[in-house]
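Visitor: Okay, so here is coords.txt, and as you'll see once you scroll down, it has compact mmCIF, C-alpha atoms and all ligand atoms.
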```txt
# COMPACT_ATOMS: atom_id res chain seq x y z
CA MET A 1 26.15 84.42 32.95
CA ALA A 2 25.18 80.78 33.26
CA LEU A 3 27.64 78.82 35.34
CA ILE A 4 27.99 75.20 34.37
CA ASN A 5 28.14 72.11 36.52
CA GLU A 6 31.92 71.85 36.40
CA ASN A 7 31.80 68.25 37.53
CA PHE A 8 31.08 67.39 33.90
CA LEU A 9 34.48 68.72 32.93
CA ASN A 10 36.09 66.14 35.21
CA ILE A 11 34.58 63.18 33.40
CA PRO A 12 37.07 61.73 30.96
CA SER A 13 35.97 62.12 27.34
CA ASP A 14 34.71 59.01 25.61
CA TYR A 15 38.33 58.14 25.03
CA LEU A 16 37.82 54.38 25.09
CA PHE A 17 35.43 53.99 22.16
CA SER A 18 36.98 56.78 20.10
CA GLU A 19 40.42 55.20 20.56
CA VAL A 20 39.02 51.80 19.57
CA ALA A 21 37.43 53.35 16.46
CA LYS A 22 40.70 55.10 15.59
CA LYS A 23 42.71 51.90 15.88
CA VAL A 24 40.21 49.94 13.78
CA LYS A 25 40.17 52.67 11.14
CA SER A 26 43.93 52.77 10.80
CA TYR A 27 44.04 48.96 10.59
CA LYS A 28 41.47 49.06 7.76
CA VAL A 29 43.49 51.63 5.85
CA THR A 30 46.52 49.35 5.75
CA ARG A 31 44.57 46.12 5.16
CA PRO A 32 41.35 47.13 3.37
CA LYS A 33 40.45 43.58 2.26
CA ARG A 34 40.35 42.05 5.74
CA LYS A 35 36.93 41.65 7.36
CA ILE A 36 36.92 42.91 10.90
CA ILE A 37 34.47 41.31 13.34
CA ASP A 38 33.38 43.72 16.05
CA PHE A 39 32.40 42.30 19.43
CA GLY A 40 33.25 45.55 21.19
CA VAL A 41 29.81 47.14 21.27
CA SER A 42 27.14 45.57 23.47
CA ASP A 43 24.15 46.36 21.27
CA VAL A 44 21.96 43.47 20.16
CA THR A 45 21.82 42.17 16.60
CA GLN A 46 18.69 40.01 16.51
CA PRO A 47 15.25 41.55 15.87
CA ILE A 48 12.35 42.09 18.26
CA PRO A 49 10.48 38.79 18.92
CA SER A 50 7.44 38.63 16.64
CA VAL A 51 4.91 38.28 19.49
CA VAL A 52 6.26 41.51 21.00
CA ALA A 53 6.33 43.29 17.64
CA GLU A 54 2.70 42.27 16.95
CA ALA A 55 1.60 43.67 20.32
CA MET A 56 3.38 46.92 19.47
CA HIS A 57 1.59 47.08 16.08
CA LYS A 58 -1.70 46.57 17.89
CA ALA A 59 -0.74 49.34 20.35
CA VAL A 60 -0.17 51.71 17.44
CA ASP A 61 -3.67 50.82 16.18
CA ASP A 62 -5.07 51.58 19.65
CA LEU A 63 -3.45 55.00 19.57
CA SER A 64 -4.91 55.75 16.17
CA LYS A 65 -8.54 55.20 17.26
CA ALA A 66 -10.54 57.65 19.34
CA ASP A 67 -11.99 54.98 21.65
CA SER A 68 -8.63 53.39 22.54
CA PHE A 69 -6.30 56.39 22.35
CA HIS A 70 -3.80 56.92 25.19
CA GLY A 71 -1.96 60.15 25.91
CA TYR A 72 0.49 60.61 28.76
CA THR A 73 1.20 57.28 30.41
CA PRO A 74 1.25 56.73 34.19
CA LYS A 75 4.64 57.88 35.51
CA ASN A 76 5.29 54.55 37.20
CA GLY A 77 3.93 52.54 34.26
CA TYR A 78 0.68 50.81 33.34
CA SER A 79 -0.65 48.28 35.82
CA PHE A 80 -1.00 45.70 33.00
CA LEU A 81 2.80 45.61 32.74
CA ARG A 82 3.54 45.97 36.45
CA ASP A 83 1.15 43.06 37.18
CA ALA A 84 2.86 40.87 34.57
CA ILE A 85 6.27 41.69 36.10
CA ILE A 86 5.05 40.87 39.61
CA LYS A 87 3.67 37.53 38.46
CA HIS A 88 6.41 36.33 36.13
CA GLU A 89 9.60 37.98 37.39
CA TYR A 90 9.01 37.96 41.14
CA ALA A 91 6.12 35.77 42.39
CA ALA A 92 7.42 32.96 40.15
CA ARG A 93 10.66 33.10 42.19
CA GLY A 94 8.92 33.31 45.54
CA VAL A 95 9.46 37.08 45.86
CA SER A 96 6.62 39.30 46.96
CA ILE A 97 6.64 42.70 45.23
CA GLU A 98 3.62 44.98 44.97
CA GLY A 99 2.62 47.22 42.07
CA GLY A 100 3.51 50.43 43.89
CA GLU A 101 7.10 49.23 44.22
CA ILE A 102 7.69 49.01 40.46
CA PHE A 103 8.60 52.01 38.31
CA ILE A 104 8.49 51.35 34.56
CA ASN A 105 11.08 53.42 32.73
CA GLU A 106 12.89 53.81 29.43
CA GLY A 107 15.73 51.41 30.15
CA ALA A 108 18.20 50.90 32.98
CA LYS A 109 20.78 53.49 31.94
CA SER A 110 18.74 56.53 32.91
CA ASP A 111 17.57 55.18 36.27
CA THR A 112 20.98 53.79 37.30
CA GLY A 113 22.35 57.22 36.42
CA ASN A 114 19.51 59.32 37.87
CA ILE A 115 18.89 57.48 41.14
CA GLY A 116 21.53 59.76 42.65
CA ASP A 117 18.97 62.61 42.43
CA ILE A 118 17.35 61.35 45.65
CA LEU A 119 20.61 60.62 47.51
CA GLY A 120 22.67 63.09 49.52
CA GLN A 121 25.87 64.66 48.32
CA ASP A 122 28.01 63.36 51.19
CA ASN A 123 27.40 59.65 50.83
CA CYS A 124 30.42 57.40 50.58
CA VAL A 125 29.99 55.37 47.38
CA GLY A 126 31.42 51.91 46.73
CA VAL A 127 31.52 50.29 43.29
CA ILE A 128 32.59 46.82 42.24
CA ASP A 129 35.54 47.09 39.91
CA PRO A 130 35.32 46.54 36.93
CA ALA A 131 31.75 47.72 36.28
CA TYR A 132 29.42 49.62 33.95
CA PRO A 133 30.97 53.16 33.84
CA VAL A 134 27.61 54.91 34.42
CA TYR A 135 27.79 54.16 38.15
CA ILE A 136 30.96 56.19 38.74
CA ASN A 137 30.40 58.85 36.07
CA SER A 138 26.94 59.73 37.40
CA ASN A 139 28.42 60.18 40.87
CA VAL A 140 31.10 62.42 39.39
CA ILE A 141 28.31 64.63 37.99
CA TYR A 142 26.69 64.83 41.44
CA GLY A 143 30.07 65.81 42.95
CA ARG A 144 30.40 62.69 45.09
CA ALA A 145 33.48 61.16 43.50
CA GLY A 146 36.19 63.58 44.68
CA ILE A 147 39.17 64.17 42.44
CA SER A 148 40.61 61.90 39.81
CA GLU A 149 44.22 60.84 39.70
CA GLY A 150 45.09 58.63 36.76
CA GLY A 151 41.41 57.76 36.36
CA ILE A 152 40.95 56.73 40.03
CA TRP A 153 38.46 58.84 42.02
CA SER A 154 39.53 59.79 45.51
CA ASN A 155 36.09 59.42 47.15
CA ILE A 156 34.98 56.24 45.42
CA VAL A 157 35.66 52.93 47.14
CA TYR A 158 36.72 50.48 44.44
CA ILE A 159 35.93 46.88 45.33
CA PRO A 160 38.16 44.72 43.14
CA CYS A 161 36.81 41.67 41.32
CA THR A 162 39.84 39.77 40.06
CA ALA A 163 40.61 36.38 38.60
CA GLU A 164 42.46 35.51 41.81
CA THR A 165 39.16 35.53 43.73
CA ASP A 166 37.00 34.22 40.85
CA PHE A 167 35.73 37.79 40.39
CA ILE A 168 33.91 37.62 43.71
CA PRO A 169 34.20 40.94 45.56
CA ASP A 170 35.35 40.98 49.21
CA LEU A 171 33.48 43.05 51.78
CA PRO A 172 35.18 46.45 52.11
CA SER A 173 36.93 47.29 55.38
CA GLY A 174 35.93 50.99 55.44
CA LYS A 175 32.49 52.59 55.85
CA LEU A 176 30.14 52.76 52.87
CA ASP A 177 26.72 54.37 52.47
CA ILE A 178 25.87 53.32 48.92
CA LEU A 179 27.08 50.29 47.02
CA TYR A 180 26.68 49.42 43.34
CA LEU A 181 26.48 45.70 42.59
CA SER A 182 25.78 44.44 39.08
CA TYR A 183 25.06 40.75 38.39
CA PRO A 184 25.29 39.06 35.94
CA ASN A 185 28.20 41.39 35.54
CA ASN A 186 29.14 43.54 32.60
CA PRO A 187 32.04 43.26 31.74
CA THR A 188 33.30 40.08 33.48
CA GLY A 189 30.25 37.98 32.58
CA THR A 190 30.35 36.43 36.06
CA VAL A 191 27.56 35.95 38.63
CA LEU A 192 27.16 35.74 42.41
CA THR A 193 25.80 32.62 44.09
CA LYS A 194 22.99 32.94 46.63
CA GLU A 195 25.53 32.60 49.46
CA GLU A 196 27.74 35.37 48.05
CA LEU A 197 24.80 37.70 47.49
CA LYS A 198 23.53 36.96 51.01
CA LYS A 199 26.92 38.05 52.35
CA TRP A 200 26.33 41.49 50.78
CA VAL A 201 22.72 41.80 51.91
CA ASP A 202 23.72 40.87 55.49
CA TYR A 203 26.56 43.40 55.32
CA ALA A 204 24.17 46.11 54.11
CA LEU A 205 21.63 45.28 56.83
CA ALA A 206 24.31 45.40 59.53
CA ASN A 207 25.91 48.63 58.28
CA ASP A 208 22.98 50.69 56.93
CA VAL A 209 24.25 50.48 53.35
CA LEU A 210 21.97 51.08 50.37
CA ILE A 211 22.63 48.53 47.59
CA LEU A 212 21.93 49.63 44.02
CA PHE A 213 21.59 46.24 42.32
CA ASP A 214 21.74 46.26 38.53
CA ALA A 215 20.16 43.02 37.27
CA SER A 216 19.90 44.14 33.63
CA TYR A 217 21.28 40.79 32.38
CA GLU A 218 19.40 38.43 34.74
CA ALA A 219 17.54 36.74 31.86
CA PHE A 220 20.83 35.24 30.67
CA ILE A 221 21.34 33.19 33.84
CA GLN A 222 21.42 29.48 32.93
CA ASP A 223 22.34 27.96 36.30
CA SER A 224 19.12 27.44 38.27
CA THR A 225 20.87 27.99 41.62
CA ILE A 226 21.93 31.57 40.78
CA PRO A 227 19.58 34.31 42.04
CA HIS A 228 17.94 36.50 39.39
CA SER A 229 16.83 39.13 41.88
CA ILE A 230 18.49 40.46 45.02
CA TYR A 231 15.08 40.13 46.68
CA GLU A 232 15.51 36.35 46.61
CA ILE A 233 17.73 37.03 49.63
CA LYS A 234 15.92 37.52 52.94
CA GLY A 235 16.06 41.09 54.19
CA ALA A 236 17.05 42.59 50.82
CA LYS A 237 13.86 44.65 50.56
CA LYS A 238 15.14 46.71 53.48
CA VAL A 239 18.43 47.57 51.75
CA ALA A 240 18.23 47.31 47.97
CA ILE A 241 16.92 48.98 44.82
CA GLU A 242 16.90 46.73 41.74
CA PHE A 243 17.21 47.76 38.08
CA ARG A 244 16.00 45.64 35.16
CA SER A 245 15.99 46.12 31.39
CA TYR A 246 14.18 44.79 28.30
CA SER A 247 16.99 45.97 26.03
CA ARG A 248 18.59 42.58 25.40
CA THR A 249 15.72 40.13 25.88
CA LEU A 250 13.25 42.03 23.67
CA ALA A 251 15.80 43.77 21.41
CA PHE A 252 14.56 47.04 22.92
CA THR A 253 17.88 48.92 22.85
CA GLY A 254 16.21 51.33 20.44
CA VAL A 255 12.60 51.03 21.68
CA ARG A 256 13.55 51.72 25.35
CA CYS A 257 11.78 50.06 28.26
CA GLY A 258 12.85 48.70 31.63
CA TYR A 259 11.91 49.04 35.28
CA THR A 260 13.23 49.85 38.72
CA VAL A 261 12.01 48.25 41.94
CA ILE A 262 12.04 50.33 45.12
CA PRO A 263 10.49 48.42 48.02
CA LYS A 264 8.22 50.38 50.35
CA GLU A 265 10.16 49.23 53.41
CA LEU A 266 13.41 50.74 52.09
CA ASN A 267 14.40 53.97 53.83
CA GLY A 268 17.10 56.60 53.58
CA PHE A 269 17.98 59.08 56.30
CA THR A 270 18.01 62.83 56.75
CA LEU A 271 21.02 64.44 58.45
CA ASP A 272 19.17 64.37 61.77
CA GLY A 273 18.57 60.62 61.39
CA THR A 274 14.89 60.72 60.37
CA GLU A 275 13.90 57.81 58.13
CA VAL A 276 12.45 58.71 54.73
CA SER A 277 10.85 56.27 52.26
CA LEU A 278 13.00 56.05 49.12
CA ASN A 279 9.95 54.79 47.23
CA LYS A 280 8.09 58.01 48.05
CA LEU A 281 11.13 60.13 47.26
CA TRP A 282 11.63 58.50 43.86
CA ARG A 283 7.90 58.85 43.11
CA ARG A 284 8.29 62.57 43.85
CA ARG A 285 11.37 62.75 41.64
CA GLN A 286 9.52 61.06 38.78
CA ASP A 287 6.55 63.45 39.20
CA ILE A 288 8.96 66.35 38.81
CA LYS A 289 11.26 65.09 36.06
CA TYR A 290 9.61 62.24 34.15
CA ASN A 291 6.56 61.65 31.95
CA GLY A 292 6.41 57.89 31.57
CA ALA A 293 7.48 55.17 29.12
CA SER A 294 5.53 54.84 25.88
CA TYR A 295 2.28 52.85 25.71
CA ILE A 296 3.64 51.03 22.65
CA ALA A 297 6.79 49.85 24.43
CA GLN A 298 4.82 48.79 27.51
CA ARG A 299 2.32 46.76 25.44
CA GLY A 300 5.29 45.08 23.73
CA ALA A 301 6.90 44.26 27.09
CA GLU A 302 3.59 42.92 28.40
CA ALA A 303 3.34 40.53 25.41
CA SER A 304 6.73 39.05 26.31
CA TYR A 305 5.03 37.45 29.34
CA THR A 306 2.48 35.48 27.30
CA PRO A 307 3.41 31.79 26.79
CA ALA A 308 4.36 32.49 23.15
CA GLY A 309 6.30 35.60 24.20
CA MET A 310 8.23 33.75 26.89
CA ALA A 311 9.10 30.98 24.40
CA GLN A 312 10.47 33.56 21.94
CA VAL A 313 12.48 35.37 24.63
CA LYS A 314 13.98 32.03 25.67
CA GLU A 315 14.89 31.37 22.04
CA LEU A 316 16.65 34.74 21.82
CA VAL A 317 18.53 34.18 25.07
CA ASP A 318 19.53 30.67 23.89
CA TYR A 319 20.81 32.16 20.63
CA TYR A 320 23.10 34.63 22.43
CA MET A 321 24.20 32.09 25.01
CA THR A 322 25.15 29.69 22.21
CA ASN A 323 27.23 32.55 20.79
CA ALA A 324 28.81 32.94 24.23
CA ARG A 325 29.74 29.26 24.31
CA LEU A 326 31.19 29.35 20.77
CA LEU A 327 33.26 32.45 21.54
CA LYS A 328 34.43 31.01 24.81
CA GLU A 329 35.51 27.76 23.11
CA GLY A 330 37.27 29.73 20.36
CA PHE A 331 39.30 31.82 22.79
CA THR A 332 40.06 28.82 24.98
CA ASP A 333 41.27 26.83 21.94
CA SER A 334 43.50 29.74 20.98
CA GLY A 335 45.29 29.22 24.30
CA LEU A 336 43.85 32.18 26.21
CA LYS A 337 42.34 32.18 29.69
CA VAL A 338 38.63 32.96 29.46
CA TYR A 339 36.03 33.83 32.11
CA GLY A 340 32.29 34.59 32.12
CA GLY A 341 29.98 33.59 29.28
CA ASN A 342 28.09 30.87 31.23
CA ASN A 343 25.35 33.06 32.73
CA ALA A 344 25.88 36.33 30.86
CA PRO A 345 26.39 37.39 27.24
CA PHE A 346 29.95 38.60 27.91
CA ILE A 347 33.30 36.83 27.65
CA TRP A 348 36.16 38.21 29.72
CA VAL A 349 39.54 37.24 28.27
CA ARG A 350 42.81 37.60 30.16
CA SER A 351 45.86 38.81 28.31
CA PRO A 352 48.93 36.59 28.28
CA ARG A 353 51.93 37.75 30.34
CA SER A 354 49.94 40.58 31.98
CA MET A 355 49.92 42.55 28.74
CA THR A 356 47.89 45.79 29.11
CA SER A 357 44.35 45.90 27.76
CA TRP A 358 45.42 48.17 24.89
CA LYS A 359 48.38 46.02 23.84
CA PHE A 360 46.14 42.95 24.03
CA PHE A 361 43.50 44.79 21.96
CA ASP A 362 46.10 45.44 19.24
CA ASN A 363 47.25 41.83 19.28
CA ILE A 364 43.74 40.41 18.86
CA LEU A 365 42.94 42.96 16.16
CA TYR A 366 46.10 42.25 14.19
CA GLU A 367 46.22 38.49 14.72
CA TYR A 368 42.53 37.63 14.33
CA ASN A 369 40.85 40.81 12.99
CA ILE A 370 38.49 40.71 15.97
CA VAL A 371 37.59 43.76 18.05
CA GLY A 372 36.96 43.61 21.80
CA THR A 373 36.61 46.31 24.43
CA PRO A 374 39.70 47.06 26.55
CA GLY A 375 38.90 46.07 30.13
CA CYS A 376 40.65 49.13 31.55
CA GLY A 377 37.62 51.15 30.37
CA PHE A 378 35.53 49.49 33.10
CA GLY A 379 37.84 50.32 36.00
CA PRO A 380 41.41 49.72 37.18
CA SER A 381 40.85 46.00 37.88
CA GLY A 382 39.76 45.59 34.26
CA ASP A 383 43.25 46.16 32.88
CA CYS A 384 44.95 43.19 31.22
CA PHE A 385 41.52 41.97 30.00
CA LEU A 386 39.32 42.36 26.93
CA ARG A 387 35.54 42.05 26.96
CA PHE A 388 33.79 40.37 24.04
CA SER A 389 30.03 40.61 23.57
CA ALA A 390 28.05 37.50 22.61
CA LEU A 391 25.21 39.70 21.33
CA GLY A 392 26.54 39.58 17.76
CA SER A 393 25.23 37.46 14.90
CA ARG A 394 25.80 33.69 14.79
CA GLU A 395 27.57 34.03 11.45
CA ASP A 396 30.14 36.47 12.86
CA THR A 397 30.52 34.45 16.03
CA GLU A 398 31.20 31.21 14.15
CA GLU A 399 33.67 32.94 11.86
CA ALA A 400 35.45 34.48 14.84
CA ALA A 401 35.62 31.13 16.63
CA ASN A 402 37.11 29.52 13.49
CA ARG A 403 39.69 32.28 13.14
CA LEU A 404 40.66 31.89 16.79
CA ARG A 405 41.22 28.17 16.28
CA LYS A 406 43.21 28.50 13.07
CA LYS A 407 45.01 31.77 13.65
CA LEU A 408 45.42 34.01 10.62
N1 LIG B 1 23.31 48.15 33.11
C1 LIG B 1 24.34 47.53 32.54
C2 LIG B 1 25.22 46.70 33.41
C3 LIG B 1 24.61 47.66 31.18
O1 LIG B 1 25.64 47.02 30.63
C4 LIG B 1 23.76 48.46 30.40
C5 LIG B 1 24.01 48.67 28.96
O2 LIG B 1 25.06 48.48 28.42
C6 LIG B 1 22.68 49.09 31.02
C7 LIG B 1 22.48 48.91 32.37
C8 LIG B 1 21.75 49.99 30.26
O3 LIG B 1 20.86 49.27 29.52
P1 LIG B 1 19.54 49.95 28.94
O4 LIG B 1 19.56 51.41 29.26
O5 LIG B 1 19.57 49.70 27.48
O6 LIG B 1 18.41 49.26 29.65
```
Would you encode the structure as structure tokens?
Ligand code: PLP

Guide:
Amino acid sequence: MALINENFLNIPSDYLFSEVAKKVKSYKVTRPKRKIIDFGVSDVTQPIPSVVAEAMHKAVDDLSKADSFHGYTPKNGYSFLRDAIIKHEYAARGVSIEGGEIFINEGAKSDTGNIGDILGQDNCVGVIDPAYPVYINSNVIYGRAGISEGGIWSNIVYIPCTAETDFIPDLPSGKLDILYLSYPNNPTGTVLTKEELKKWVDYALANDVLILFDASYEAFIQDSTIPHSIYEIKGAKKVAIEFRSYSRTLAFTGVRCGYTVIPKELNGFTLDGTEVSLNKLWRRRQDIKYNGASYIAQRGAEASYTPAGMAQVKELVDYYMTNARLLKEGFTDSGLKVYGGNNAPFIWVRSPRSMTSWKFFDNILYEYNIVGTPGCGFGPSGDCFLRFSALGSREDTEEAANRLRKKL
């Protein structure tokens, strides 16, 4: 008899998106002629930049010829891509990262979820709230989250990010071992300044905390003073793992490619206090459970660092950030309080009169025929908010902004 990992049974079903779909469906039944604009999902809508697509075509040609065929790819990625990342993502910002510290993967979701494989069961985990649900759910699977009461996990330390503090988290008073930070943040669309991020790195250095820093949306940062990488902060290589993704900048949500940085000076501890390199441990984990990202995807990602590739990525980012501005203006003109959207492709809209996320969802759906994601799905501090993605098409975004101004 195969026993299951019962922790899975404790994870709430995908109630949020199925409930959203149900509500949209019943609205459509009663008003079939109305066009609903969906900014709830965070998938991209614009195609892969042509320079990247051409490199992927060429990679397919390589694979189809005997003298340039590639089979299994290196588990930590090809050096052609790791070198390009080092040069353009890190050295260009004054950060020194070496090839052996980069692990190319198939997008940030799997590594942010799987990193717990190399971490002990008894760690105390802190998570900024609201945040990408993978952080908490993956810890539930590992059995680190405790028990859930009303969706709140007893062993997770929730670190609230609220409008009252400009969505800047305060240092927790209790002891933490692992901390998830995610900036630019999904769902609030907000960022941390260098000073704020330094506060967290200093805290981690002083308290032996491992920071899991999800920088999947760093390419959307417009303000030149905002750090793109946690390693821009002195000392961070001793305390932080960083996750990056090509999903939004290269339209790779379906292709799948990203990378994780684990500095060689970053250590974890055994129960008897012996230091162990997390880089070596993750390498071991990848040897056991992973067989590398595709050659085609990695050649595409490499091409994004050519001058023409970088120009096209900038164009794509500008497109979505213009959407963010239009959406933000539309919601603001409709009289609502709006956050985010300046350095991230997400708009975080506060409900009037502390209406719950779900009630607010209904109001926006019925009044404007626009769909957002209820903030309560990202954690308790997300209630009374809706998240809107700026990754939609310009046409839909302009129409939504006009509807918000005019009201139906
Ligand atoms: N991190 C954050 C904060 C996200 O919002 C997402 C996707 O929604 C991911 C990581 C995963 O991105 P991907 O697996 O496509 O790289």

Visitor: Residues of chain A that have any atom at most 8 Å from an atom of ligand LIG 1 (chain B): could you tabulate them with the shortest-distance atom pair and the distance in Å to one decimal, using all atoms listed in the file, ordered by chain and increasing number, as CSV?

Guide:
```
residue,atom,partner,partner_atom,distance
A:Ser42,CA,B:LIG1,O2,6.1
A:Asp43,CA,B:LIG1,O2,7.5
A:Glu106,CA,B:LIG1,O4,7.1
A:Gly107,CA,B:LIG1,O6,3.5
A:Ala108,CA,B:LIG1,O6,3.7
A:Lys109,CA,B:LIG1,O4,3.6
A:Ser110,CA,B:LIG1,O4,6.3
A:Thr112,CA,B:LIG1,C7,7.1
A:Ala131,CA,B:LIG1,C2,7.2
A:Tyr132,CA,B:LIG1,C2,5.1
A:Ser182,CA,B:LIG1,C2,6.1
A:Tyr183,CA,B:LIG1,C2,7.8
A:Asn185,CA,B:LIG1,C2,6.5
A:Asn186,CA,B:LIG1,C2,5.1
A:Pro187,CA,B:LIG1,O1,7.5
A:Asp214,CA,B:LIG1,N1,6.0
A:Ala215,CA,B:LIG1,N1,7.3
A:Ser216,CA,B:LIG1,N1,5.3
A:Tyr217,CA,B:LIG1,C2,7.2
A:Phe243,CA,B:LIG1,C7,7.9
A:Arg244,CA,B:LIG1,O6,7.0
A:Ser245,CA,B:LIG1,O6,4.3
A:Tyr246,CA,B:LIG1,O6,6.3
A:Ser247,CA,B:LIG1,O5,4.8
A:Arg248,CA,B:LIG1,O5,7.5
A:Phe252,CA,B:LIG1,O5,7.3
A:Thr253,CA,B:LIG1,O5,5.0
A:Gly254,CA,B:LIG1,O5,8.0
A:Arg256,CA,B:LIG1,O5,6.7
A:Cys257,CA,B:LIG1,O6,6.8
A:Gly258,CA,B:LIG1,O6,5.9
```

Visitor: For the selection you just gave me, I'd like the residues written to a file as a PDB file, in the frame of the given file, keeping C-alpha atoms.

Guide:
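Final output, saved to part24.pdb:
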```pdb
ATOM      1  CA  SER A  42      27.140  45.570  23.470  1.00  0.00           C
ATOM      2  CA  ASP A  43      24.150  46.360  21.270  1.00  0.00           C
ATOM      3  CA  GLU A 106      12.890  53.810  29.430  1.00  0.00           C
ATOM      4  CA  GLY A 107      15.730  51.410  30.150  1.00  0.00           C
ATOM      5  CA  ALA A 108      18.200  50.900  32.980  1.00  0.00           C
ATOM      6  CA  LYS A 109      20.780  53.490  31.940  1.00  0.00           C
ATOM      7  CA  SER A 110      18.740  56.530  32.910  1.00  0.00           C
ATOM      8  CA  THR A 112      20.980  53.790  37.300  1.00  0.00           C
ATOM      9  CA  ALA A 131      31.750  47.720  36.280  1.00  0.00           C
ATOM     10  CA  TYR A 132      29.420  49.620  33.950  1.00  0.00           C
ATOM     11  CA  SER A 182      25.780  44.440  39.080  1.00  0.00           C
ATOM     12  CA  TYR A 183      25.060  40.750  38.390  1.00  0.00           C
ATOM     13  CA  ASN A 185      28.200  41.390  35.540  1.00  0.00           C
ATOM     14  CA  ASN A 186      29.140  43.540  32.600  1.00  0.00           C
ATOM     15  CA  PRO A 187      32.040  43.260  31.740  1.00  0.00           C
ATOM     16  CA  ASP A 214      21.740  46.260  38.530  1.00  0.00           C
ATOM     17  CA  ALA A 215      20.160  43.020  37.270  1.00  0.00           C
ATOM     18  CA  SER A 216      19.900  44.140  33.630  1.00  0.00           C
ATOM     19  CA  TYR A 217      21.280  40.790  32.380  1.00  0.00           C
ATOM     20  CA  PHE A 243      17.210  47.760  38.080  1.00  0.00           C
ATOM     21  CA  ARG A 244      16.000  45.640  35.160  1.00  0.00           C
ATOM     22  CA  SER A 245      15.990  46.120  31.390  1.00  0.00           C
ATOM     23  CA  TYR A 246      14.180  44.790  28.300  1.00  0.00           C
ATOM     24  CA  SER A 247      16.990  45.970  26.030  1.00  0.00           C
ATOM     25  CA  ARG A 248      18.590  42.580  25.400  1.00  0.00           C
ATOM     26  CA  PHE A 252      14.560  47.040  22.920  1.00  0.00           C
ATOM     27  CA  THR A 253      17.880  48.920  22.850  1.00  0.00           C
ATOM     28  CA  GLY A 254      16.210  51.330  20.440  1.00  0.00           C
ATOM     29  CA  ARG A 256      13.550  51.720  25.350  1.00  0.00           C
ATOM     30  CA  CYS A 257      11.780  50.060  28.260  1.00  0.00           C
ATOM     31  CA  GLY A 258      12.850  48.700  31.630  1.00  0.00           C
TER      32      GLY A 258
END
```

Visitor: Atom CA of A:Ile230 to atom CA of A:Leu212: how many Å, to one decimal?

Guide: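 Taking atom CA of A:Ile230 as the start and atom CA of A:Leu212 as the end point, the length is 9.8 Å.
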
Visitor: Just the residues within 7 Å of A:Asn279, please, counting all atoms listed in the file, with nothing from its chain fewer than 3 positions along; format it as a PDB file with C-alpha atoms, in the coordinates of the input.

Guide:
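Resulting contents of out06.pdb:
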```pdb
ATOM      1  CA  GLU A 101       7.100  49.230  44.220  1.00  0.00           C
ATOM      2  CA  ILE A 262      12.040  50.330  45.120  1.00  0.00           C
ATOM      3  CA  PRO A 263      10.490  48.420  48.020  1.00  0.00           C
ATOM      4  CA  LYS A 264       8.220  50.380  50.350  1.00  0.00           C
ATOM      5  CA  TRP A 282      11.630  58.500  43.860  1.00  0.00           C
ATOM      6  CA  ARG A 283       7.900  58.850  43.110  1.00  0.00           C
TER       7      ARG A 283
END
```

Visitor: Would you mind reading off the distance between atom CA of A:Ile241 and atom CA of A:Ile115, one decimal, in Å?

Guide: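 Separation between atom CA of A:Ile241 and atom CA of A:Ile115: 9.5 Å.
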
Visitor: List the neighbours of A:Ala308 out to 8 Å using only C-alpha atoms; skip same-chain residues closer than 4 positions along the sequence, and give me the result as a PyMOL selection string.

Guide: chain A and resi 51+304+312

Visitor: List the neighbours of A:Pro172 out to 10 Å using all atoms listed in the file; skip same-chain residues closer than 5 positions along the sequence, and give me the result as a list of chain:residue names.

Guide: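 My reading of the contact set: A:Gly126, A:Val157, A:Tyr158, A:Ile159, A:Pro160, A:Tyr203.
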
Visitor: For A:Arg394, which residue out of A:Phe39, A:Tyr78, A:Trp200, A:Phe69 is the nearest one, using all atoms listed in the file?

Guide: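 Selected residue with least distance to A:Arg394: A:Phe39.
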
Visitor: With distances taken over all atoms listed in the file, which residue among A:Asn291, A:Thr332, A:Ser64, A:Thr373 lies nearest A:Phe388?

Guide: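 Residue with the minimum atom-to-atom distance to A:Phe388: A:Thr373.
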
Visitor: Give me, please, the distance in Å between atom CA of A:Thr322 and atom CA of A:Tyr135, quoted to one decimal.

Guide: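 Distance reported for this atom pair: 29.3 Å.
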
Visitor: Counting only C-alpha atoms, which residue out of A:Val29, A:Ser173, A:Asp117, A:Val41 sits closest to A:Leu281?

Guide: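 Residue with the minimum atom-to-atom distance to A:Leu281: A:Asp117.
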
Visitor: Pick the closest to A:Tyr27 from A:Pro169, A:Gly375, A:Asn363, A:Asn402: which is it, counting only C-alpha atoms?

Guide: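 Counting only C-alpha atoms, the residue closest to A:Tyr27 is A:Asn363.
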
Visitor: Looking at all atoms listed in the file, which of A:Leu271, A:Leu327, A:Val134, A:Leu316 is the one that sits closest to A:Glu395?

Guide: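 Nearest candidate to A:Glu395 out of A:Leu271, A:Leu327, A:Val134, A:Leu316: A:Leu327.
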
Visitor: Can you tell me which residues surround A:Lys359 at a distance of at most 12 Å, considering only C-alpha atoms, apart from same-chain residues fewer than 4 positions away, and format the answer as a PyMOL selection string?

Guide: chain A and resi 20+23+350-355+363-366+372-376+383-386

Visitor: Near A:Ala344, within 10 Å and counting all atoms listed in the file, which residues show up once chain neighbours fewer than 4 positions away are dropped, as a ChimeraX atom specification?

Guide: /A:183-191,217-222,317,320-321,324,340,389-390

Visitor: Using all atoms listed in the file, pick whichever of A:Asn114, A:Asp223, A:His88, A:Ala204 has the shortest atom-to-atom distance to A:Pro307.

Guide: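 Closest residue, counting all atoms listed in the file: A:His88.
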